[in-house]
Amino acid sequence: MLNNSKENLNNSLLFKKYNIDVFNIKFVSQADFSIELSEKSTILEKLLEAHELALANVKAGNITGRAFATNVCTKDNYWSLGTNFNNTRNDISSICGERSAILAAYNDALIRFSKSGEDRFSFKIKYLCMAQSVEFEKMTKTAVPCEDCLSWLNTNRCFDDNTTIFSFEKNNDYGVFVRATKLCELLPYKDFVTSNNFDLNKEIVFSESAKEIVYNQNISKDDIYNLLLKTHSAYLKNNLAGISNQNIACSILTEKDIYTSNKVDWTRRWHCEPLEICSYKAINAENSMHIKAICYFGDEFAQNGEIKYHDKIVSIKSLGRIRQKHATNNTLLILNFEEKILIITLGEYLPKKFIQGYKI
Ligand SMILES: [Zn+2]
């Protein structure tokens, strides 16, 4: 009872400060979505808390001068809050608000588990309430996870198809409103399972958009076979993948040439991703280049035929890097499956990011 009244007091103070009318503020979603009024109030409060933390992070001197914060709710209804941490501008010493909050939630859940005496630890995230340091008056766009975060979020272990992301957005129709996005709307197809068995007799299947692009950009059958053959040959020769047991090769087709690379393992955890290496080779050779097609070749992390890890061979993180300048939603993605070769566009593979062009 005491907790409830305390919460209500916090709610009303924050709502007053930001002029939020809980009854009238809209929740907008493309997916099937409904929310109770009481939960709506909690989501709004958690978004405002995250916004306040982001503001505090800028005030504290976070070196990028920008801040994002996330309030994460686990399936068992515990909340944890985190903000971006930028020790340097390098990605290895920086972490976004979403991942920072996920870590906080994981640690909190683990502490509860260690004290509970239970045998089974379960950790699934239900909601991510993402906010940014942009003042309400100046805010336009919604906050969405970057591709480094999406690589974290693309796992069945901690998230599922119902995990929902909330963030404030503003437009002329609704003023300030809350955008609710199902995490699966932002992620690539989950049922793709690539194969390492390859022969040229396999059927090549194009999506409708891919068909159009092949025609418009004059990409020949030979271009596609060459990409496949070079990538397959690199895959077979890769003796650098023995540490992680995940062998991946990748090729890209630019206006001028094909560039191929293997995944290079340094340790089980540290590797160089082949799409980034090919792109680096192409940038070095051509200065300004555009990637017309990408071919990924390799096997999933599987144990006894069962997919164990769902991180997939196509790196979301690398797609995030190349889309900044060198690839578009019309770049083709060529994947080798057991029964067929599938050719789709990056816009179809990672839809929100490529089609709507959210920038980090
Ligand atoms: Zn991020």
# chains A, B, ... in the order shown; residues from 1 in each chain; ligands from 1
$ select_by_dssp --residues "region 185-340 of chain A" --states "strand (DSSP E or B)" --output "MDAnalysis selection string"
chainID A and resid 194 203:206 248:253 258:262 264:265 271:272 293:298 302:303 306:307 332:337 340
$ write_last_selection --atoms "N, CA and C atoms" --output "mmCIF file, in the first residue's frame"
data_model
loop_
_atom_site.group_PDB
_atom_site.id
_atom_site.type_symbol
_atom_site.label_atom_id
_atom_site.label_comp_id
_atom_site.auth_asym_id
_atom_site.auth_seq_id
_atom_site.Cartn_x
_atom_site.Cartn_y
_atom_site.Cartn_z
ATOM 1 N N THR A 194 21.250 -21.170 -42.884
ATOM 2 C CA THR A 194 22.132 -21.342 -44.038
ATOM 3 C C THR A 194 22.850 -22.683 -43.951
ATOM 4 N N GLU A 203 18.573 -24.647 -57.159
ATOM 5 C CA GLU A 203 17.680 -23.629 -57.714
ATOM 6 C C GLU A 203 18.020 -22.266 -57.091
ATOM 7 N N ILE A 204 17.997 -21.228 -57.926
ATOM 8 C CA ILE A 204 18.198 -19.873 -57.386
ATOM 9 C C ILE A 204 16.834 -19.186 -57.301
ATOM 10 N N VAL A 205 16.463 -18.792 -56.095
ATOM 11 C CA VAL A 205 15.147 -18.172 -55.889
ATOM 12 C C VAL A 205 15.330 -16.689 -55.573
ATOM 13 N N PHE A 206 14.645 -15.844 -56.348
ATOM 14 C CA PHE A 206 14.717 -14.389 -56.125
ATOM 15 C C PHE A 206 13.425 -13.892 -55.475
ATOM 16 N N ILE A 248 32.836 -18.672 -41.574
ATOM 17 C CA ILE A 248 32.020 -17.816 -42.446
ATOM 18 C C ILE A 248 32.917 -17.187 -43.500
ATOM 19 N N ALA A 249 32.421 -17.129 -44.732
ATOM 20 C CA ALA A 249 33.114 -16.366 -45.769
ATOM 21 C C ALA A 249 32.098 -15.417 -46.383
ATOM 22 N N CYS A 250 32.620 -14.355 -46.976
ATOM 23 C CA CYS A 250 31.711 -13.347 -47.534
ATOM 24 C C CYS A 250 32.366 -12.712 -48.753
ATOM 25 N N SER A 251 31.562 -12.357 -49.739
ATOM 26 C CA SER A 251 32.064 -11.589 -50.884
ATOM 27 C C SER A 251 31.128 -10.434 -51.148
ATOM 28 N N ILE A 252 31.698 -9.364 -51.711
ATOM 29 C CA ILE A 252 30.824 -8.270 -52.151
ATOM 30 C C ILE A 252 31.103 -7.968 -53.620
ATOM 31 N N LEU A 253 30.065 -7.548 -54.307
ATOM 32 C CA LEU A 253 30.181 -7.136 -55.712
ATOM 33 C C LEU A 253 30.002 -5.630 -55.761
ATOM 34 N N ILE A 258 34.916 -7.993 -57.506
ATOM 35 C CA ILE A 258 34.425 -8.798 -56.380
ATOM 36 C C ILE A 258 35.533 -8.853 -55.322
ATOM 37 N N TYR A 259 35.176 -8.657 -54.083
ATOM 38 C CA TYR A 259 36.139 -8.738 -52.974
ATOM 39 C C TYR A 259 35.667 -9.817 -52.009
ATOM 40 N N THR A 260 36.601 -10.662 -51.583
ATOM 41 C CA THR A 260 36.223 -11.818 -50.761
ATOM 42 C C THR A 260 37.048 -11.857 -49.483
ATOM 43 N N SER A 261 36.436 -12.335 -48.433
ATOM 44 C CA SER A 261 37.206 -12.504 -47.193
ATOM 45 C C SER A 261 36.607 -13.612 -46.326
ATOM 46 N N ASN A 262 37.449 -14.150 -45.470
ATOM 47 C CA ASN A 262 36.981 -15.099 -44.456
ATOM 48 C C ASN A 262 36.778 -14.393 -43.136
ATOM 49 N N VAL A 264 37.909 -14.079 -39.554
ATOM 50 C CA VAL A 264 39.196 -14.378 -38.911
ATOM 51 C C VAL A 264 38.989 -14.451 -37.402
ATOM 52 N N ASP A 265 39.287 -15.597 -36.838
ATOM 53 C CA ASP A 265 39.173 -15.746 -35.380
ATOM 54 C C ASP A 265 40.496 -15.375 -34.703
ATOM 55 N N HIS A 271 36.809 -11.751 -33.107
ATOM 56 C CA HIS A 271 37.063 -12.079 -34.506
ATOM 57 C C HIS A 271 36.921 -10.835 -35.377
ATOM 58 N N CYS A 272 37.404 -10.947 -36.635
ATOM 59 C CA CYS A 272 37.114 -9.899 -37.617
ATOM 60 C C CYS A 272 36.023 -10.431 -38.523
ATOM 61 N N ALA A 293 25.948 -6.218 -54.338
ATOM 62 C CA ALA A 293 25.464 -7.501 -53.801
ATOM 63 C C ALA A 293 26.445 -8.036 -52.765
ATOM 64 N N ILE A 294 25.895 -8.769 -51.821
ATOM 65 C CA ILE A 294 26.697 -9.399 -50.766
ATOM 66 C C ILE A 294 26.365 -10.886 -50.765
ATOM 67 N N CYS A 295 27.396 -11.726 -50.723
ATOM 68 C CA CYS A 295 27.143 -13.164 -50.617
ATOM 69 C C CYS A 295 27.741 -13.655 -49.301
ATOM 70 N N TYR A 296 26.916 -14.264 -48.486
ATOM 71 C CA TYR A 296 27.396 -14.824 -47.218
ATOM 72 C C TYR A 296 27.388 -16.331 -47.340
ATOM 73 N N PHE A 297 28.426 -16.954 -46.862
ATOM 74 C CA PHE A 297 28.512 -18.397 -46.939
ATOM 75 C C PHE A 297 29.000 -18.949 -45.608
ATOM 76 N N GLY A 298 28.312 -19.948 -45.099
ATOM 77 C CA GLY A 298 28.804 -20.534 -43.860
ATOM 78 C C GLY A 298 27.738 -21.331 -43.167
ATOM 79 N N ALA A 302 25.711 -24.811 -34.727
ATOM 80 C CA ALA A 302 24.736 -25.861 -34.436
ATOM 81 C C ALA A 302 25.403 -26.975 -33.638
ATOM 82 N N GLN A 303 24.618 -27.641 -32.814
ATOM 83 C CA GLN A 303 25.118 -28.805 -32.102
ATOM 84 C C GLN A 303 24.160 -29.953 -32.334
ATOM 85 N N GLU A 306 21.011 -29.256 -34.212
ATOM 86 C CA GLU A 306 20.053 -28.293 -33.668
ATOM 87 C C GLU A 306 20.740 -26.934 -33.518
ATOM 88 N N ILE A 307 20.079 -25.885 -34.023
ATOM 89 C CA ILE A 307 20.685 -24.554 -33.922
ATOM 90 C C ILE A 307 20.752 -24.161 -32.449
ATOM 91 N N LEU A 332 21.752 -6.381 -52.839
ATOM 92 C CA LEU A 332 21.271 -7.768 -52.772
ATOM 93 C C LEU A 332 22.004 -8.573 -51.705
ATOM 94 N N LEU A 333 21.297 -9.534 -51.145
ATOM 95 C CA LEU A 333 21.903 -10.458 -50.184
ATOM 96 C C LEU A 333 21.702 -11.879 -50.715
ATOM 97 N N ILE A 334 22.816 -12.574 -50.932
ATOM 98 C CA ILE A 334 22.757 -13.922 -51.524
ATOM 99 C C ILE A 334 23.133 -14.947 -50.452
ATOM 100 N N LEU A 335 22.230 -15.869 -50.190
ATOM 101 C CA LEU A 335 22.455 -16.834 -49.104
ATOM 102 C C LEU A 335 22.292 -18.266 -49.607
ATOM 103 N N ASN A 336 23.146 -19.132 -49.134
ATOM 104 C CA ASN A 336 23.105 -20.532 -49.531
ATOM 105 C C ASN A 336 22.350 -21.366 -48.491
ATOM 106 N N PHE A 337 21.218 -21.942 -48.912
ATOM 107 C CA PHE A 337 20.454 -22.844 -48.034
ATOM 108 C C PHE A 337 20.612 -24.274 -48.518
ATOM 109 N N LYS A 340 18.225 -24.497 -51.685
ATOM 110 C CA LYS A 340 18.197 -23.454 -52.713
ATOM 111 C C LYS A 340 19.187 -22.335 -52.391
#
$ residues_around --residues "Gly61 (chain A)" --least-positions-apart "6" --cutoff "12 Å" --atoms "only C-alpha atoms" --output "tab-separated table (two decimals) with N, CA and C atoms, in the first residue's frame"
chain	number	residue	atom	x	y	z
A	54	ALA	N	19.01	10.25	-18.96
A	54	ALA	CA	19.77	10.68	-20.14
A	54	ALA	C	20.21	12.13	-19.98
A	55	LEU	N	19.32	12.99	-19.47
A	55	LEU	CA	19.68	14.39	-19.26
A	55	LEU	C	20.82	14.49	-18.24
A	67	ALA	N	23.00	11.55	-25.01
A	67	ALA	CA	22.71	10.46	-24.08
A	67	ALA	C	21.40	9.78	-24.42
A	84	ASN	N	23.82	5.29	-21.64
A	84	ASN	CA	25.02	5.02	-22.43
A	84	ASN	C	26.28	5.45	-21.69
A	85	PHE	N	27.31	4.66	-21.89
A	85	PHE	CA	28.58	4.91	-21.23
A	85	PHE	C	29.65	5.03	-22.31
A	86	ASN	N	30.21	6.22	-22.45
A	86	ASN	CA	31.21	6.44	-23.49
A	86	ASN	C	32.52	6.86	-22.84
A	87	ASN	N	33.35	5.85	-22.64
A	87	ASN	CA	34.63	6.08	-22.00
A	87	ASN	C	35.59	6.74	-22.98
$ select_by_dssp --residues "region 49-247 of chain A" --states "helix (DSSP H, G or I)" --output "VMD selection string"
chain A and resid 49 to 59 91 to 93 97 to 116 136 to 138 147 to 153 183 to 186 208 to 216 221 to 237
$ residues_near_ligand --ligand "ligand 1" --cutoff "6 Å" --atoms "only C-alpha atoms and all ligand atoms" --output "list of chain:residue names"
A:Cys96, A:Pro145, A:Cys146, A:Asp148, A:Cys149
$ closest_atom_pairs --of "region 201-230 of chain A" --to "region 342-348 of chain A" --cutoff "12 Å" --atoms "only C-alpha atoms" --output "tab-separated table"
residue	atom	partner	partner_atom	distance
A:Lys202	CA	A:Leu342	CA	10.0
A:Glu203	CA	A:Leu342	CA	8.6
A:Ile204	CA	A:Leu342	CA	6.0
A:Val205	CA	A:Leu342	CA	4.9
A:Phe206	CA	A:Ile343	CA	4.8
A:Ser207	CA	A:Ile344	CA	5.3
A:Glu208	CA	A:Ile344	CA	8.2
A:Ser209	CA	A:Thr345	CA	6.9
A:Ala210	CA	A:Ile344	CA	5.2
A:Lys211	CA	A:Ile344	CA	8.5
A:Glu212	CA	A:Thr345	CA	10.3
A:Ile213	CA	A:Thr345	CA	8.6
A:Val214	CA	A:Ile343	CA	9.8
A:Lys221	CA	A:Ile343	CA	11.9
A:Ile224	CA	A:Ile343	CA	9.6
A:Leu228	CA	A:Leu342	CA	11.4
$ atom_distance --atom1 "CA of Met289 (chain A)" --atom2 "CA of Ile92 (chain A)"
26.4 Å
$ closest_residue --among "A:Thr231, A:Ser315, A:Ser122, A:Asn24" --to "Cys158 (chain A)" --atoms "only C-alpha atoms"
A:Ser122
$ residues_around --residues "Leu103 (chain A)" --least-positions-apart "5" --cutoff "12 Å" --atoms "only C-alpha atoms" --output "list in words"
Thr70, Asn71, Val72, Thr74, Trp79, Ser80, Leu81, Gly82, Thr83, Asn84, Ile95, Cys96, Gly97, Glu98, Asp108, Ala109, Leu110, Phe123, Ile125, Cys149, Trp152 and Cys158 of chain A
$ closest_residue --among "A:Lys126, A:Lys263, A:Lys40, A:Lys317" --to "Leu183 (chain A)" --atoms "only C-alpha atoms"
A:Lys126
$ atom_distance --atom1 "CA of Leu350 (chain A)" --atom2 "CA of Leu186 (chain A)"
6.8 Å
$ closest_residue --among "A:Lys124, A:Arg179, A:His326, A:Lys237" --to "Asp161 (chain A)" --atoms "only C-alpha atoms"
A:Lys124
$ closest_residue --among "A:Asn154, A:Asn19, A:Thr142, A:Thr164" --to "Cys73 (chain A)" --atoms "only C-alpha atoms"
A:Thr164
$ atom_distance --atom1 "CA of Asp223 (chain A)" --atom2 "CA of Ser279 (chain A)"
17.4 Å
